[in-house]
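data14.pdb follows (PDB, C-alpha atoms):
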```
MODEL        1
ATOM      1  CA  MET U   1      -3.398   2.907  15.739
ATOM      2  CA  ILE U   2      -5.261   3.658  12.527
ATOM      3  CA  ASP U   3      -3.848   3.809   8.992
ATOM      4  CA  PHE U   4      -6.059   6.331   7.192
ATOM      5  CA  HIS U   5      -4.688   5.686   3.692
ATOM      6  CA  THR U   6      -4.411   2.183   2.206
ATOM      7  CA  HIS U   7      -5.309   0.680  -1.163
ATOM      8  CA  PRO U   8      -6.340  -3.023  -1.283
ATOM      9  CA  VAL U   9      -4.965  -3.440  -4.814
ATOM     10  CA  LEU U  10      -2.878  -6.556  -4.144
ATOM     11  CA  VAL U  11      -5.563  -8.670  -2.484
ATOM     12  CA  ARG U  12      -5.588 -12.030  -4.250
ATOM     13  CA  GLU U  13      -9.151 -12.809  -3.230
ATOM     14  CA  LEU U  14     -10.392  -9.786  -5.182
ATOM     15  CA  VAL U  15      -8.534 -10.830  -8.327
ATOM     16  CA  GLU U  16      -9.884 -14.378  -8.098
ATOM     17  CA  LYS U  17     -13.462 -13.186  -7.688
ATOM     18  CA  HIS U  18     -13.293 -10.149 -10.004
ATOM     19  CA  PRO U  19     -10.937 -10.860 -12.947
ATOM     20  CA  ARG U  20     -10.966  -7.264 -14.257
ATOM     21  CA  PHE U  21      -9.524  -6.135 -10.944
ATOM     22  CA  GLU U  22      -6.112  -7.306 -12.205
ATOM     23  CA  ARG U  23      -6.172  -4.789 -15.054
ATOM     24  CA  ALA U  24      -7.122  -2.021 -12.629
ATOM     25  CA  ALA U  25      -4.220  -2.893 -10.341
ATOM     26  CA  ARG U  26      -1.659  -3.235 -13.128
ATOM     27  CA  GLU U  27      -2.690  -0.712 -15.779
ATOM     28  CA  VAL U  28      -4.581   1.928 -13.802
ATOM     29  CA  PHE U  29      -2.948   1.892 -10.350
ATOM     30  CA  TYR U  30       0.399   0.721 -11.822
ATOM     31  CA  ILE U  31       1.400  -1.674  -9.050
ATOM     32  CA  GLY U  32       3.768  -4.468 -10.049
ATOM     33  CA  ASN U  33       4.000  -6.511  -6.845
ATOM     34  CA  ASN U  34       2.638 -10.036  -6.641
ATOM     35  CA  PHE U  35      -0.966 -10.476  -5.555
ATOM     36  CA  GLN U  36      -1.180 -11.692  -1.970
ATOM     37  CA  PRO U  37      -3.804 -13.300   0.263
ATOM     38  CA  LEU U  38      -5.744 -10.912   2.469
ATOM     39  CA  GLU U  39      -3.914 -12.410   5.438
ATOM     40  CA  THR U  40      -0.705 -10.746   4.229
ATOM     41  CA  PHE U  41      -2.359  -7.320   4.445
ATOM     42  CA  LEU U  42      -3.401  -8.068   8.027
ATOM     43  CA  LEU U  43       0.097  -9.287   8.891
ATOM     44  CA  GLN U  44       1.537  -6.029   7.511
ATOM     45  CA  MET U  45      -0.762  -4.189   9.884
ATOM     46  CA  ASP U  46       0.256  -6.421  12.787
ATOM     47  CA  VAL U  47       3.981  -5.831  12.224
ATOM     48  CA  ALA U  48       3.398  -2.069  12.145
ATOM     49  CA  GLY U  49       1.176  -2.073  15.221
ATOM     50  CA  ILE U  50      -1.841  -0.902  13.237
ATOM     51  CA  GLU U  51      -5.232  -1.941  14.604
ATOM     52  CA  ARG U  52      -7.464  -0.700  11.789
ATOM     53  CA  ALA U  53      -6.996   0.478   8.212
ATOM     54  CA  VAL U  54      -9.083   2.663   5.927
ATOM     55  CA  LEU U  55      -9.569   0.994   2.525
ATOM     56  CA  LEU U  56      -9.715   3.413  -0.404
ATOM     57  CA  PRO U  57     -11.202   2.704  -3.856
ATOM     58  CA  VAL U  58     -11.130   5.092  -6.843
ATOM     59  CA  ASP U  59     -14.105   5.256  -9.213
ATOM     60  CA  CYS U  60     -12.207   6.148 -12.375
ATOM     61  CA  ARG U  61     -14.271   4.132 -14.878
ATOM     62  CA  ARG U  62     -15.045   7.154 -17.054
ATOM     63  CA  ALA U  63     -11.413   8.279 -17.203
ATOM     64  CA  ARG U  64      -9.604   4.884 -17.059
ATOM     65  CA  ARG U  65     -12.174   2.230 -18.109
ATOM     66  CA  ASP U  66     -11.854   0.303 -14.831
ATOM     67  CA  PRO U  67     -12.239   1.415 -11.213
ATOM     68  CA  VAL U  68      -9.455   0.779  -8.735
ATOM     69  CA  GLY U  69     -11.871  -1.129  -6.542
ATOM     70  CA  THR U  70     -15.626  -0.667  -6.452
ATOM     71  CA  ASN U  71     -17.730   0.275  -3.461
ATOM     72  CA  GLU U  72     -19.109  -3.276  -3.409
ATOM     73  CA  GLN U  73     -15.604  -4.765  -3.374
ATOM     74  CA  ILE U  74     -14.590  -2.542  -0.476
ATOM     75  CA  ALA U  75     -17.719  -3.624   1.406
ATOM     76  CA  GLU U  76     -16.814  -7.277   0.695
ATOM     77  CA  LEU U  77     -13.392  -6.812   2.299
ATOM     78  CA  CYS U  78     -14.853  -5.016   5.295
ATOM     79  CA  ALA U  79     -17.201  -7.968   5.805
ATOM     80  CA  LEU U  80     -14.162 -10.254   6.016
ATOM     81  CA  SER U  81     -12.448  -8.335   8.815
ATOM     82  CA  ARG U  82     -13.662  -5.854  11.411
ATOM     83  CA  ARG U  83     -10.215  -4.259  11.235
ATOM     84  CA  PHE U  84     -11.103  -2.577   7.940
ATOM     85  CA  ILE U  85     -12.885   0.752   7.554
ATOM     86  CA  GLY U  86     -14.324   1.130   4.077
ATOM     87  CA  PHE U  87     -14.549   4.375   2.136
ATOM     88  CA  ALA U  88     -16.629   4.857  -0.992
ATOM     89  CA  SER U  89     -15.655   6.524  -4.240
ATOM     90  CA  VAL U  90     -17.871   8.146  -6.860
ATOM     91  CA  ASP U  91     -17.179   9.966 -10.117
ATOM     92  CA  PRO U  92     -18.336  13.586  -9.605
ATOM     93  CA  PRO U  93     -19.173  14.221 -13.287
ATOM     94  CA  ALA U  94     -21.423  11.130 -13.349
ATOM     95  CA  ARG U  95     -25.149  11.880 -13.353
ATOM     96  CA  MET U  96     -25.911   9.621 -10.375
ATOM     97  CA  ALA U  97     -22.819  10.437  -8.304
ATOM     98  CA  THR U  98     -24.632  11.830  -5.268
ATOM     99  CA  LYS U  99     -27.177   9.013  -5.229
ATOM    100  CA  GLU U 100     -24.404   6.424  -5.506
ATOM    101  CA  LEU U 101     -22.617   8.019  -2.567
ATOM    102  CA  ALA U 102     -25.762   7.900  -0.451
ATOM    103  CA  ARG U 103     -26.296   4.234  -1.404
ATOM    104  CA  ALA U 104     -22.708   3.314  -0.559
ATOM    105  CA  VAL U 105     -22.971   4.904   2.869
ATOM    106  CA  LYS U 106     -26.518   3.907   3.810
ATOM    107  CA  ASN U 107     -26.701   0.456   2.199
ATOM    108  CA  LEU U 108     -23.085  -0.731   2.131
ATOM    109  CA  GLY U 109     -21.999   0.820   5.406
ATOM    110  CA  LEU U 110     -19.026   2.747   3.995
ATOM    111  CA  GLN U 111     -17.769   5.532   6.225
ATOM    112  CA  GLY U 112     -16.120   8.142   4.032
ATOM    113  CA  LEU U 113     -15.465   9.317   0.476
ATOM    114  CA  LYS U 114     -12.252   8.998  -1.527
ATOM    115  CA  LEU U 115     -11.630  11.177  -4.589
ATOM    116  CA  ASP U 116      -8.605  11.504  -6.877
ATOM    117  CA  PRO U 117      -9.026  14.514  -9.198
ATOM    118  CA  ALA U 118      -5.978  13.596 -11.305
ATOM    119  CA  LEU U 119      -6.748   9.910 -11.811
ATOM    120  CA  GLN U 120     -10.475  10.577 -12.215
ATOM    121  CA  ASP U 121      -9.863  13.660 -14.381
ATOM    122  CA  PHE U 122     -12.255  16.153 -12.823
ATOM    123  CA  ASP U 123     -12.035  19.660 -11.385
ATOM    124  CA  SER U 124     -11.991  19.397  -7.589
ATOM    125  CA  GLY U 125     -13.379  22.924  -7.360
ATOM    126  CA  GLY U 126     -15.992  22.573 -10.103
ATOM    127  CA  THR U 127     -19.773  22.622  -9.845
ATOM    128  CA  LYS U 128     -20.171  18.843 -10.065
ATOM    129  CA  ALA U 129     -17.604  18.270  -7.356
ATOM    130  CA  LEU U 130     -19.396  20.787  -5.143
ATOM    131  CA  ALA U 131     -22.601  18.755  -5.435
ATOM    132  CA  VAL U 132     -20.743  15.669  -4.195
ATOM    133  CA  TYR U 133     -19.206  17.592  -1.285
ATOM    134  CA  GLU U 134     -22.673  18.811  -0.344
ATOM    135  CA  ALA U 135     -23.944  15.233  -0.323
ATOM    136  CA  ALA U 136     -20.992  14.145   1.829
ATOM    137  CA  GLU U 137     -21.677  16.953   4.283
ATOM    138  CA  GLU U 138     -25.314  15.857   4.570
ATOM    139  CA  LEU U 139     -24.164  12.270   5.172
ATOM    140  CA  LYS U 140     -21.694  13.501   7.823
ATOM    141  CA  ILE U 141     -18.737  11.628   6.360
ATOM    142  CA  PRO U 142     -15.152  12.847   5.765
ATOM    143  CA  VAL U 143     -13.772  13.333   2.257
ATOM    144  CA  LEU U 144     -10.209  12.212   1.543
ATOM    145  CA  LEU U 145      -8.757  13.681  -1.653
ATOM    146  CA  HIS U 146      -5.557  12.884  -3.446
ATOM    147  CA  THR U 147      -3.688  16.179  -3.500
ATOM    148  CA  GLY U 148      -0.239  17.006  -4.790
ATOM    149  CA  MET U 149       1.887  15.046  -7.245
ATOM    150  CA  SER U 150       0.272  12.366  -9.407
ATOM    151  CA  TRP U 151       2.348   9.772 -11.247
ATOM    152  CA  ALA U 152      -0.631   8.433 -13.190
ATOM    153  CA  PRO U 153       0.060   8.593 -16.945
ATOM    154  CA  ASP U 154      -2.047  11.106 -18.894
ATOM    155  CA  SER U 155      -3.025  12.902 -15.695
ATOM    156  CA  ALA U 156      -2.532  16.592 -14.992
ATOM    157  CA  ILE U 157      -0.466  17.397 -11.899
ATOM    158  CA  GLY U 158      -2.384  20.645 -11.487
ATOM    159  CA  ARG U 159      -5.574  18.719 -10.745
ATOM    160  CA  GLY U 160      -4.078  17.989  -7.335
ATOM    161  CA  HIS U 161      -3.252  21.537  -6.288
ATOM    162  CA  PRO U 162      -4.750  22.004  -2.816
ATOM    163  CA  MET U 163      -5.724  25.640  -3.344
ATOM    164  CA  ARG U 164      -8.337  24.548  -5.860
ATOM    165  CA  LEU U 165     -10.257  23.267  -2.845
ATOM    166  CA  GLU U 166     -10.374  26.474  -0.826
ATOM    167  CA  PRO U 167     -13.786  27.672  -2.090
ATOM    168  CA  ALA U 168     -15.306  24.278  -1.217
ATOM    169  CA  ILE U 169     -13.567  24.198   2.164
ATOM    170  CA  ARG U 170     -15.050  27.595   2.976
ATOM    171  CA  ARG U 171     -18.501  26.741   1.637
ATOM    172  CA  PHE U 172     -18.836  23.400   3.424
ATOM    173  CA  ALA U 173     -17.518  24.321   6.845
ATOM    174  CA  LYS U 174     -19.106  21.250   8.479
ATOM    175  CA  LEU U 175     -17.444  18.847   6.019
ATOM    176  CA  ASN U 176     -14.021  17.489   6.958
ATOM    177  CA  PHE U 177     -11.545  17.472   4.082
ATOM    178  CA  VAL U 178      -8.481  15.216   4.402
ATOM    179  CA  LEU U 179      -5.740  16.306   1.993
ATOM    180  CA  ALA U 180      -3.647  13.243   1.220
ATOM    181  CA  HIS U 181       0.135  13.271   0.932
ATOM    182  CA  PHE U 182       0.409  16.716   2.589
ATOM    183  CA  ALA U 183      -0.238  17.788  -1.041
ATOM    184  CA  TRP U 184       3.479  17.404  -1.762
ATOM    185  CA  PRO U 185       5.152  19.384  -3.332
ATOM    186  CA  TRP U 186       2.631  22.075  -2.292
ATOM    187  CA  VAL U 187       3.258  21.413   1.373
ATOM    188  CA  TRP U 188       3.086  25.029   2.525
ATOM    189  CA  GLU U 189      -0.196  25.519   0.693
ATOM    190  CA  SER U 190      -1.783  22.489   2.356
ATOM    191  CA  VAL U 191      -0.429  23.558   5.729
ATOM    192  CA  ALA U 192      -1.801  27.071   5.243
ATOM    193  CA  LEU U 193      -5.254  25.642   4.521
ATOM    194  CA  ALA U 194      -5.129  23.491   7.646
ATOM    195  CA  MET U 195      -3.928  26.412   9.772
ATOM    196  CA  LYS U 196      -6.766  28.637   8.564
ATOM    197  CA  TYR U 197      -9.626  26.132   8.352
ATOM    198  CA  PRO U 198     -10.407  23.721  11.214
ATOM    199  CA  ASN U 199     -12.209  21.345   8.804
ATOM    200  CA  VAL U 200      -8.960  20.602   6.917
ATOM    201  CA  TYR U 201      -6.831  17.604   7.864
ATOM    202  CA  LEU U 202      -3.589  16.336   6.314
ATOM    203  CA  ASP U 203      -2.424  12.738   6.003
ATOM    204  CA  THR U 204       1.204  11.673   6.256
ATOM    205  CA  SER U 205       1.379   9.505   3.126
ATOM    206  CA  CYS U 206       3.849  11.835   1.430
ATOM    207  CA  LEU U 207       6.610   9.749  -0.127
ATOM    208  CA  TYR U 208       8.169  10.218  -3.522
ATOM    209  CA  TYR U 209      11.371   8.242  -3.199
ATOM    210  CA  ASP U 210      12.314   4.989  -1.580
ATOM    211  CA  SER U 211      13.271   6.045   1.955
ATOM    212  CA  PRO U 212      10.330   7.109   4.131
ATOM    213  CA  LYS U 213      12.618   8.248   6.933
ATOM    214  CA  GLU U 214      14.718  10.449   4.635
ATOM    215  CA  PHE U 215      11.668  11.893   2.934
ATOM    216  CA  PHE U 216       9.923  12.682   6.219
ATOM    217  CA  GLU U 217      13.092  14.343   7.483
ATOM    218  CA  PHE U 218      13.150  16.476   4.317
ATOM    219  CA  VAL U 219       9.468  17.452   4.407
ATOM    220  CA  PHE U 220       9.219  18.049   8.139
ATOM    221  CA  THR U 221      12.515  19.843   8.728
ATOM    222  CA  LYS U 222      13.393  21.561   5.448
ATOM    223  CA  GLN U 223      10.013  22.234   3.828
ATOM    224  CA  ILE U 224       8.177  22.978   7.079
ATOM    225  CA  PRO U 225       9.397  22.902  10.679
ATOM    226  CA  VAL U 226       8.274  19.882  12.648
ATOM    227  CA  THR U 227       7.319  22.261  15.463
ATOM    228  CA  LEU U 228       4.458  23.474  13.256
ATOM    229  CA  ILE U 229       2.863  20.044  13.612
ATOM    230  CA  GLU U 230       3.617  19.767  17.302
ATOM    231  CA  ARG U 231       2.342  23.211  18.254
ATOM    232  CA  THR U 232      -0.282  24.120  15.660
ATOM    233  CA  LEU U 233      -1.521  21.147  13.620
ATOM    234  CA  ARG U 234      -1.373  18.307  16.147
ATOM    235  CA  ASN U 235      -5.161  17.915  15.976
ATOM    236  CA  GLN U 236      -5.353  17.993  12.165
ATOM    237  CA  VAL U 237      -2.851  15.363  10.991
ATOM    238  CA  VAL U 238      -3.678  11.670  10.528
ATOM    239  CA  PHE U 239      -1.326   8.802   9.783
ATOM    240  CA  GLY U 240      -1.502   7.350   6.279
ATOM    241  CA  SER U 241       0.934   4.865   4.766
ATOM    242  CA  ASN U 242      -0.256   4.625   1.141
ATOM    243  CA  TYR U 243       0.178   0.842   1.403
ATOM    244  CA  PRO U 244       1.036  -1.170  -0.681
ATOM    245  CA  ARG U 245       3.224   1.412  -2.405
ATOM    246  CA  VAL U 246       5.116   1.527   0.884
ATOM    247  CA  GLU U 247       5.316  -0.966   3.733
ATOM    248  CA  ILE U 248       3.205   0.255   6.622
ATOM    249  CA  LYS U 249       5.893  -0.372   9.245
ATOM    250  CA  ASN U 250       8.397   1.797   7.356
ATOM    251  CA  MET U 251       5.980   4.721   7.375
ATOM    252  CA  VAL U 252       5.208   4.257  11.082
ATOM    253  CA  ASN U 253       8.931   4.161  11.863
ATOM    254  CA  ALA U 254       9.531   7.263   9.755
ATOM    255  CA  LEU U 255       6.855   9.170  11.646
ATOM    256  CA  LYS U 256       8.216   8.033  15.003
ATOM    257  CA  SER U 257      11.719   9.141  13.998
ATOM    258  CA  LEU U 258      10.557  12.772  14.016
ATOM    259  CA  PRO U 259      11.069  14.784  17.222
ATOM    260  CA  LEU U 260       7.397  14.742  18.196
ATOM    261  CA  THR U 261       6.087  14.225  21.714
ATOM    262  CA  GLU U 262       4.257  11.024  22.604
ATOM    263  CA  GLU U 263       1.052  13.009  23.034
ATOM    264  CA  CYS U 264       1.317  14.428  19.512
ATOM    265  CA  LEU U 265       2.119  11.010  18.029
ATOM    266  CA  ASN U 266      -0.949   9.524  19.730
ATOM    267  CA  LYS U 267      -3.113  12.177  18.120
ATOM    268  CA  ILE U 268      -1.666  11.530  14.657
ATOM    269  CA  LEU U 269      -1.685   7.746  14.933
ATOM    270  CA  ARG U 270      -5.087   7.295  16.545
ATOM    271  CA  GLU U 271      -7.048  10.109  18.155
ATOM    272  CA  ASN U 272      -7.525  12.408  15.155
ATOM    273  CA  ALA U 273      -8.672   9.549  12.946
ATOM    274  CA  GLU U 274     -11.100   8.345  15.603
ATOM    275  CA  ARG U 275     -12.586  11.823  15.812
ATOM    276  CA  LEU U 276     -13.000  12.037  12.032
ATOM    277  CA  LEU U 277     -14.709   8.666  11.892
ATOM    278  CA  ALA U 278     -16.934   9.287  14.910
ATOM    279  CA  ARG U 279     -18.715  12.373  13.607
ATOM    280  CA  ARG U 280     -21.556  10.417  12.015
TER     281      ARG U 280
ENDMDL
END
```
Representation of the structure as structure tokens:
Amino acid sequence: MIDFHTHPVLVRELVEKHPRFERAAREVFYIGNNFQPLETFLLQMDVAGIERAVLLPVDCRRARRDPVGTNEQIAELCALSRRFIGFASVDPPARMATKELARAVKNLGLQGLKLDPALQDFDSGGTKALAVYEAAEELKIPVLLHTGMSWAPDSAIGRGHPMRLEPAIRRFAKLNFVLAHFAWPWVWESVALAMKYPNVYLDTSCLYYDSPKEFFEFVFTKQIPVTLIERTLRNQVVFGSNYPRVEIKNMVNALKSLPLTEECLNKILRENAERLLARR
């Protein structure tokens, strides 16, 4: 199984080697848990039955002074364990954004792009973002975007509205867009995009209160019918936990509590992610 949405913000080895990483974790990402050895991350994966995890940084230096992980730091972690799949992040308004993305993929071996329009404070449908999407399409990597609600202070919720991405989704038909968090609360909008456009995927890391099982039951029975995933979107949903905000095993258990067939669960937990990562 593959977890397509994790943040290595509690890794003690990163704090020890890069002291400013602590500020990024505490004051930018707003995580209060204790820093832990990398082994703890791997044990979390083991308990949940996760083989590999996508590591996501956020290049928000312009907007927040410090990045939530750099491309180099993600590459460092990937070098420590073959179970990690590293994504890059760039700041679309930055002059060298497309060149930095190419460097991160070609030189550092990173396999996708992570963007957070709210935390990075940019327009996901703007001209500068389009240039980055074009570069990602040429590199044949997927783009995972934070969509939906953002708790980051001084960030605009509207930056994460999924419909802002429709012009880019249409323009870059060969580029796979992964909309994180099912774009909650705009779940129907994200679902509509995925139903219409085969290059749109959704990840399951939608959780905005402390019970994954209860929240999944709400989203996938009251906001949309679970049969929509089973019958229509089974090939366009990937599992994401949003660890360490949530324990990975709790998100896996929440997903498995839904009335989905084993075949559909296999697609969400493994096959769809493998296909996204194998397109290069």
Exercise for review: Pick out the residues sitting within 6 Å of stretch 236-252 of chain U, and hand them over as number ranges by chain; count all atoms listed in the file, and ignore anything fewer than 5 positions along from it in its own chain.
Suggested key: U: 3-6, 48, 201-205, 212, 268-269, 273
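Note that atom CA of U:Glu51 and atom CA of U:Arg82 are 9.8 Å apart.
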Listing only residues of stretch 143-202 of chain U within 10 Å of stretch 27-45 of chain U, what is the closest atom pair and its distance in Å (to one decimal) for each, using only C-alpha atoms, sorted by chain and residue number ascending, as a Markdown table?
```
| residue | atom | partner | partner_atom | distance |
| --- | --- | --- | --- | --- |
| U:Trp151 | CA | U:Tyr30 | CA | 9.3 |
| U:Ala152 | CA | U:Phe29 | CA | 7.5 |
| U:Pro153 | CA | U:Val28 | CA | 8.7 |
```
Within 12 Å of stretch 17-20 of chain U, which residues of stretch 46-129 of chain U show up? Give each one with its shortest atom-to-atom distance in Å (one decimal) and the two atoms involved, counting only C-alpha atoms, rows by chain then rising residue number, as JSON lines.
```
{"residue": "U:Arg61", "atom": "CA", "partner": "U:Arg20", "partner_atom": "CA", "distance": 11.9}
{"residue": "U:Arg65", "atom": "CA", "partner": "U:Arg20", "partner_atom": "CA", "distance": 10.3}
{"residue": "U:Asp66", "atom": "CA", "partner": "U:Arg20", "partner_atom": "CA", "distance": 7.6}
{"residue": "U:Pro67", "atom": "CA", "partner": "U:Arg20", "partner_atom": "CA", "distance": 9.3}
{"residue": "U:Val68", "atom": "CA", "partner": "U:Arg20", "partner_atom": "CA", "distance": 9.9}
{"residue": "U:Gly69", "atom": "CA", "partner": "U:His18", "partner_atom": "CA", "distance": 9.8}
{"residue": "U:Thr70", "atom": "CA", "partner": "U:His18", "partner_atom": "CA", "distance": 10.4}
{"residue": "U:Glu72", "atom": "CA", "partner": "U:His18", "partner_atom": "CA", "distance": 11.2}
{"residue": "U:Gln73", "atom": "CA", "partner": "U:His18", "partner_atom": "CA", "distance": 8.8}
{"residue": "U:Glu76", "atom": "CA", "partner": "U:Lys17", "partner_atom": "CA", "distance": 10.8}
{"residue": "U:Leu77", "atom": "CA", "partner": "U:Lys17", "partner_atom": "CA", "distance": 11.8}
```
Practice item. Using only C-alpha atoms, find the one residue out of U:Leu10, U:Leu119, U:Ile85, U:Leu175 that sits nearest to U:Ala63. Key: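 Closest candidate: U:Leu119.
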Exercise for review: Considering all atoms listed in the file, state which residue in the set U:Lys106, U:Ala79, U:Asp59, U:Ala173 is at the smallest distance from U:Asp121.
Suggested key: U:Asp59
Review point. Hey, what comes out of the PyMOL selection byres ((chain U and resi 138-148) around 7) on this file? Could you write it as a ChimeraX atom specification?
Key: /U:111-117,134-137,149-150,160-162,175-181,183-186,276,279-280
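Comparing the minimum interatomic distances between U:Val9 and each of U:Gly49, U:Ala75, U:Leu55, U:Arg231, counting only C-alpha atoms, we find that U:Leu55 sits nearest.
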Review point. Neighbours of U:Asn71 within 8 Å (only C-alpha atoms; same-chain residues fewer than 3 positions away dropped), as a list in words?
Key: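 After dropping sequence-adjacent residues, the list is Pro57, Ile74, Ala75, Phe87, Ala88, Ser89, Ala104, Leu108 and Leu110 of chain U.
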Check your understanding: Quick one: residues within 12 Å of U:Pro259, all atoms listed in the file counted, chain neighbours fewer than 3 positions away excluded, as a PyMOL selection string?
Key -> chain U and resi 216-217+220-221+225-230+254-256+262-265
Check your understanding: Quick one: of U:Ala131, U:Val11, U:Ala118, U:Ala53, who's nearest to U:Ala156, counting all atoms listed in the file?
Key -> U:Ala118
Point to revise | Closest of U:Ala194, U:Leu277, U:Leu101, U:Arg52 to U:Arg83 - atom-to-atom distances counting all atoms listed in the file | key: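 The shortest atom-to-atom distance to U:Arg83 comes from U:Arg52.
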Check your understanding: What is the distance, in Å and to one decimal place, between atom CA of U:Leu165 and atom CA of U:Leu193?
Key -> 9.2 Å
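Using all atoms listed in the file, the contacts of U:Lys196 at a cut-off of 12 Å, with sequence neighbours closer than 2 positions omitted, comprise Glu166, Ile169, Arg170, Ala173, Glu189, Ser190, Val191, Ala192, Leu193, Ala194, Pro198, Asn199, Val200, Tyr201, Thr232, Leu233 and Gln236 of chain U.
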Practice item. Rounded to one decimal place, report the atom CA of U:Phe84-atom CA of U:Cys206 distance in Å. Key: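 Between atom CA of U:Phe84 and atom CA of U:Cys206 the gap works out to 21.8 Å.
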